[in-house]
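Reproduced below: entry-v6.tsv, with TSV, C-alpha atoms.
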```
chain	number	residue	atom	x	y	z
H	1	MET	CA	79.22	-16.01	101.73
H	2	THR	CA	81.96	-14.12	103.54
H	3	SER	CA	81.46	-11.38	106.11
H	4	LYS	CA	82.76	-8.90	103.51
H	5	ASN	CA	80.13	-9.99	100.99
H	6	ASN	CA	77.43	-9.87	103.66
H	7	ALA	CA	78.41	-6.30	104.57
H	8	HIS	CA	78.45	-5.16	100.95
H	9	CYS	CA	75.03	-6.73	100.28
H	10	LEU	CA	73.50	-4.88	103.24
H	11	ILE	CA	75.14	-1.60	102.23
H	12	ALA	CA	73.77	-1.95	98.68
H	13	LYS	CA	70.33	-2.93	99.94
H	14	TYR	CA	69.95	-0.03	102.37
H	15	GLU	CA	72.26	2.53	100.72
H	16	THR	CA	74.11	3.10	103.97
H	17	ALA	CA	76.77	1.46	106.09
H	18	ASN	CA	75.35	2.88	109.31
H	19	PRO	CA	74.79	-0.21	111.47
H	20	PHE	CA	72.06	1.48	113.51
H	21	THR	CA	70.08	2.26	110.34
H	22	ILE	CA	70.61	-1.25	108.97
H	23	ALA	CA	69.41	-2.83	112.23
H	24	SER	CA	66.33	-0.62	112.22
H	25	LYS	CA	65.50	-1.52	108.61
H	26	GLU	CA	66.03	-5.20	109.41
H	27	GLY	CA	63.57	-4.89	112.30
H	28	ILE	CA	66.17	-5.72	114.94
H	29	ASP	CA	65.43	-4.32	118.37
H	30	VAL	CA	68.33	-2.38	119.92
H	31	ARG	CA	68.37	-1.54	123.62
H	32	LEU	CA	70.80	0.56	125.66
H	33	VAL	CA	71.33	-1.18	128.99
H	34	ASP	CA	73.86	-1.29	131.81
H	35	LEU	CA	76.22	-4.15	130.96
H	36	GLY	CA	78.89	-3.20	133.45
H	37	LYS	CA	82.36	-1.96	132.62
H	38	SER	CA	83.73	-4.84	130.56
H	39	LEU	CA	80.95	-5.89	128.15
H	40	PRO	CA	80.30	-3.40	125.32
H	41	GLY	CA	77.41	-5.33	123.79
H	42	THR	CA	75.75	-8.67	123.25
H	43	THR	CA	73.00	-10.23	121.17
H	44	VAL	CA	70.19	-12.21	122.71
H	45	SER	CA	67.16	-13.89	121.21
H	46	PHE	CA	63.63	-13.50	122.52
H	47	ASP	CA	61.16	-15.90	120.92
H	48	GLY	CA	63.47	-16.35	117.94
H	49	SER	CA	63.89	-12.62	117.31
H	50	PRO	CA	67.35	-11.18	117.91
H	51	THR	CA	67.78	-8.18	120.19
H	52	ILE	CA	71.01	-6.23	120.41
H	53	LEU	CA	71.95	-5.00	123.86
H	54	LEU	CA	74.47	-2.15	123.82
H	55	ASN	CA	76.15	-0.90	126.94
H	56	LYS	CA	74.71	2.50	127.74
H	57	ASN	CA	78.21	3.75	128.58
H	58	LEU	CA	78.85	3.77	124.80
H	59	LEU	CA	76.23	6.46	124.26
H	60	ASP	CA	77.76	9.42	122.39
H	61	ASN	CA	80.92	7.42	121.68
H	62	LYS	CA	81.88	6.58	118.07
H	63	THR	CA	83.04	3.15	119.25
H	64	SER	CA	79.33	2.37	119.55
H	65	TYR	CA	79.19	2.07	115.73
H	66	THR	CA	81.77	-0.73	115.69
H	67	VAL	CA	80.15	-2.52	118.63
H	68	MET	CA	76.78	-2.17	116.92
H	69	ALA	CA	78.17	-3.50	113.63
H	70	HIS	CA	79.75	-6.49	115.43
H	71	GLU	CA	76.49	-7.31	117.20
H	72	LEU	CA	74.53	-6.74	113.98
H	73	CYS	CA	76.51	-9.57	112.39
H	74	HIS	CA	75.56	-11.85	115.29
H	75	ALA	CA	71.91	-10.76	115.12
H	76	LEU	CA	71.68	-11.38	111.38
H	77	TYR	CA	73.78	-14.52	111.00
H	78	HIS	CA	74.32	-16.12	114.43
H	79	SER	CA	71.17	-15.42	116.44
H	80	ASP	CA	70.43	-19.13	116.70
H	81	LEU	CA	73.56	-19.75	118.79
H	82	PRO	CA	73.06	-20.27	122.51
H	83	GLY	CA	73.97	-17.29	124.66
H	84	PHE	CA	76.82	-19.10	126.39
H	85	TYR	CA	78.83	-19.36	123.14
H	86	ALA	CA	80.71	-16.05	123.46
H	87	ASN	CA	81.40	-16.59	127.15
H	88	PHE	CA	82.60	-20.15	126.66
H	89	TYR	CA	84.99	-19.23	123.86
H	90	ASN	CA	85.91	-15.93	125.52
H	91	GLY	CA	85.38	-13.97	122.30
H	92	ARG	CA	87.98	-15.97	120.35
H	93	GLY	CA	85.79	-18.26	118.29
H	94	LYS	CA	85.17	-18.38	114.56
H	95	PHE	CA	81.94	-16.39	114.82
H	96	GLU	CA	83.57	-13.66	116.91
H	97	ARG	CA	86.28	-13.23	114.28
H	98	GLU	CA	83.66	-13.16	111.54
H	99	ALA	CA	81.71	-10.48	113.41
H	100	ASP	CA	84.89	-8.44	113.92
H	101	MET	CA	85.69	-8.60	110.21
H	102	PHE	CA	82.09	-7.74	109.28
H	103	ALA	CA	82.19	-4.76	111.64
H	104	THR	CA	85.51	-3.56	110.25
H	105	GLU	CA	84.25	-3.80	106.68
H	106	LEU	CA	81.07	-1.94	107.60
H	107	MET	CA	83.08	0.76	109.41
H	108	LEU	CA	85.41	1.17	106.44
H	109	SER	CA	82.39	1.80	104.23
H	110	TYR	CA	80.81	4.06	106.84
H	111	TYR	CA	84.03	6.09	107.04
H	112	VAL	CA	83.82	6.65	103.27
H	113	GLU	CA	80.12	7.48	103.58
H	114	GLU	CA	80.81	10.10	106.26
H	115	THR	CA	84.00	11.64	104.84
H	116	GLY	CA	83.76	11.02	101.11
H	117	SER	CA	87.17	9.33	100.96
H	118	MET	CA	89.05	6.25	102.09
H	119	PRO	CA	91.11	6.56	105.25
H	120	GLU	CA	94.77	7.17	104.48
H	121	THR	CA	95.79	4.54	107.02
H	122	TYR	CA	94.09	1.72	108.88
H	123	GLU	CA	94.96	3.59	112.07
H	124	GLU	CA	92.47	6.32	111.06
H	125	LEU	CA	89.75	3.68	111.11
H	126	VAL	CA	90.93	2.46	114.50
H	127	ASN	CA	90.94	6.02	115.85
H	128	SER	CA	87.59	6.93	114.27
H	129	TYR	CA	85.54	3.90	115.30
H	130	GLY	CA	87.64	1.71	117.56
H	131	VAL	CA	87.91	-1.17	115.11
H	132	LYS	CA	90.34	-3.88	116.14
H	133	GLU	CA	93.95	-3.15	115.24
H	134	GLU	CA	94.79	-6.80	114.68
H	135	LEU	CA	92.50	-6.92	111.62
H	136	ALA	CA	94.66	-4.42	109.71
H	137	GLU	CA	96.43	-7.29	107.93
H	138	TYR	CA	93.20	-8.09	106.06
H	139	PHE	CA	92.79	-4.64	104.58
H	140	CYS	CA	94.94	-2.80	102.06
H	141	GLU	CA	96.02	0.72	102.85
```
Here is a file; write its structure as structure tokens.
Amino acid sequence: MTSKNNAHCLIAKYETANPFTIASKEGIDVRLVDLGKSLPGTTVSFDGSPTILLNKNLLDNKTSYTVMAHELCHALYHSDLPGFYANFYNGRGKFEREADMFATELMLSYYVEETGSMPETYEELVNSYGVKEELAEYFCE
């Protein structure tokens, strides 16, 4: 199943694309913590249960939705990976790309949920939620 299909299944199941709501309904613990200036979020596992750690400097920042959606993908589908994975691959591995695409798909749906229409350009999605610009090639405008 692709990240796009995974996102659409969750949206249908919970009738929202809000990653914070989806995490809550999935029973995933989310904590705001100080992760320094360079790490926006990470997913860790305590006793087999994923916990999403979001940098508290994202509070009241719409980018937090994209970071949350990215980490939600890891929590749901990659929580069994050892914590060193992202550091070792420096965020460039297959699972990081999958999480970025999942987050972008979720944010596209969330944009529609919030505004009632599709963004006119991919740049609107970038400006609204901080999704990665390099993923624009995978989405039609």
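Nearest to H:Cys73 of all the residues H:Phe102, H:Tyr110, H:Tyr122, H:Phe46 is H:Phe102, counting all atoms listed in the file.
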* **Coordinates-based distance that separates atom CA of H:Thr115 from atom CA of H:Arg31 (Å, one decimal)** => 27.8 Å
Quick one: everything within 7 Å of H:Leu54, counting all atoms listed in the file, minus sequence neighbours fewer than 2 positions away in the same chain. Send it as a compact mmCIF listing (two decimals) with C-alpha atoms, in the frame of the given file.
```txt
# COMPACT_ATOMS: atom_id res chain seq x y z
CA ARG H 31 68.37 -1.54 123.62
CA LEU H 32 70.80 0.56 125.66
CA VAL H 33 71.33 -1.18 128.99
CA PRO H 40 80.30 -3.40 125.32
CA GLY H 41 77.41 -5.33 123.79
CA THR H 42 75.75 -8.67 123.25
CA ILE H 52 71.01 -6.23 120.41
CA LYS H 56 74.71 2.50 127.74
```
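Remark: for H:Glu113, the closest of the candidate residues H:Lys37, H:Leu76, H:Asn18, H:Asn127 is H:Asn18 (distances computed over all atoms listed in the file).
Going from atom CA of H:Leu53 to atom CA of H:His78 covers 14.8 Å.
Take atom CA of H:Gly48 and atom CA of H:Met101: the distance between them is 24.8 Å.
Residue nearest H:Val67, chosen from H:Met107, H:Ala12, H:Val44, H:Ile28 and counting only C-alpha atoms: H:Met107.
Of the listed residues H:Thr51, H:Ser24, H:Thr66, H:Ser38, the one whose atoms come nearest to H:Glu105 is H:Thr66, with distances taken using only C-alpha atoms.
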* Asked: Quick one: residues within 8 Å of H:Phe95, all atoms listed in the file counted, chain neighbours fewer than 2 positions away excluded, as a PyMOL selection string?
  -> chain H and resi 74+78+93+97-99
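Taking all atoms listed in the file into account, H:Leu135 lies nearest to H:Thr104 out of the set H:Thr121, H:Thr21, H:Thr104, H:Asn55.
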* Asked: Using all atoms listed in the file, which residues sit within 12 Å of H:Gly130 once same-chain residues fewer than 4 positions away are excluded, as a list in words?
  -> Pro40, Leu58, Asn61, Lys62, Thr63, Ser64, Tyr65, Thr66, Val67, Met68, Ala69, His70, Asp100, Ala103, Thr104, Met107, Leu108, Tyr111, Tyr122, Glu123, Glu124, Leu125, Val126, Glu134 and Leu135 of chain H
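Look at H:Ala75: the protein and nucleic acid residues within 7 Å of it, using all atoms listed in the file and passing over chain neighbours fewer than 3 places away, are Thr43, Pro50, Glu71, Leu72, His78 and Ser79 of chain H.
Counting all atoms listed in the file and comparing H:Ser128, H:Asn57, H:Ser49, H:Ser117, the residue that lies closest to H:Glu26 is H:Ser49.
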For stretch 51-64 of chain H in the structure I just supplied, write out N, CA, C and O atoms - as a compact mmCIF listing (two decimals), in the first residue's frame.
```txt
# COMPACT_ATOMS: atom_id res chain seq x y z
N THR H 51 5.66 7.02 20.28
CA THR H 51 5.42 8.35 20.84
C THR H 51 6.04 9.35 19.89
O THR H 51 7.19 9.20 19.48
N ILE H 52 5.27 10.36 19.53
CA ILE H 52 5.77 11.42 18.66
C ILE H 52 6.25 12.57 19.54
O ILE H 52 5.52 13.05 20.41
N LEU H 53 7.49 12.98 19.30
CA LEU H 53 8.06 14.12 20.00
C LEU H 53 8.14 15.27 19.01
O LEU H 53 8.82 15.17 17.98
N LEU H 54 7.43 16.35 19.28
CA LEU H 54 7.46 17.54 18.43
C LEU H 54 8.21 18.63 19.14
O LEU H 54 8.05 18.82 20.36
N ASN H 55 9.02 19.34 18.40
CA ASN H 55 9.78 20.44 18.98
C ASN H 55 8.82 21.52 19.44
O ASN H 55 7.98 21.98 18.67
N LYS H 56 8.94 21.92 20.68
CA LYS H 56 8.02 22.91 21.22
C LYS H 56 8.13 24.26 20.52
O LYS H 56 7.23 25.08 20.62
N ASN H 57 9.22 24.50 19.77
CA ASN H 57 9.32 25.76 19.04
C ASN H 57 8.36 25.81 17.84
O ASN H 57 8.22 26.85 17.21
N LEU H 58 7.69 24.68 17.54
CA LEU H 58 6.69 24.65 16.47
C LEU H 58 5.29 25.04 16.96
O LEU H 58 4.38 25.18 16.15
N LEU H 59 5.15 25.20 18.26
CA LEU H 59 3.85 25.55 18.82
C LEU H 59 3.34 26.82 18.16
O LEU H 59 4.07 27.78 17.98
N ASP H 60 2.08 26.82 17.76
CA ASP H 60 1.43 27.95 17.09
C ASP H 60 2.03 28.25 15.73
O ASP H 60 2.00 29.38 15.26
N ASN H 61 2.58 27.25 15.07
CA ASN H 61 3.16 27.40 13.75
C ASN H 61 2.50 26.35 12.86
O ASN H 61 2.51 25.17 13.19
N LYS H 62 1.94 26.75 11.73
CA LYS H 62 1.25 25.79 10.86
C LYS H 62 2.17 24.70 10.32
O LYS H 62 1.70 23.65 9.93
N THR H 63 3.48 24.93 10.32
CA THR H 63 4.42 23.90 9.92
C THR H 63 4.29 22.68 10.82
O THR H 63 4.58 21.56 10.41
N SER H 64 3.81 22.89 12.03
CA SER H 64 3.65 21.77 12.97
C SER H 64 2.74 20.69 12.40
O SER H 64 2.92 19.51 12.70
```
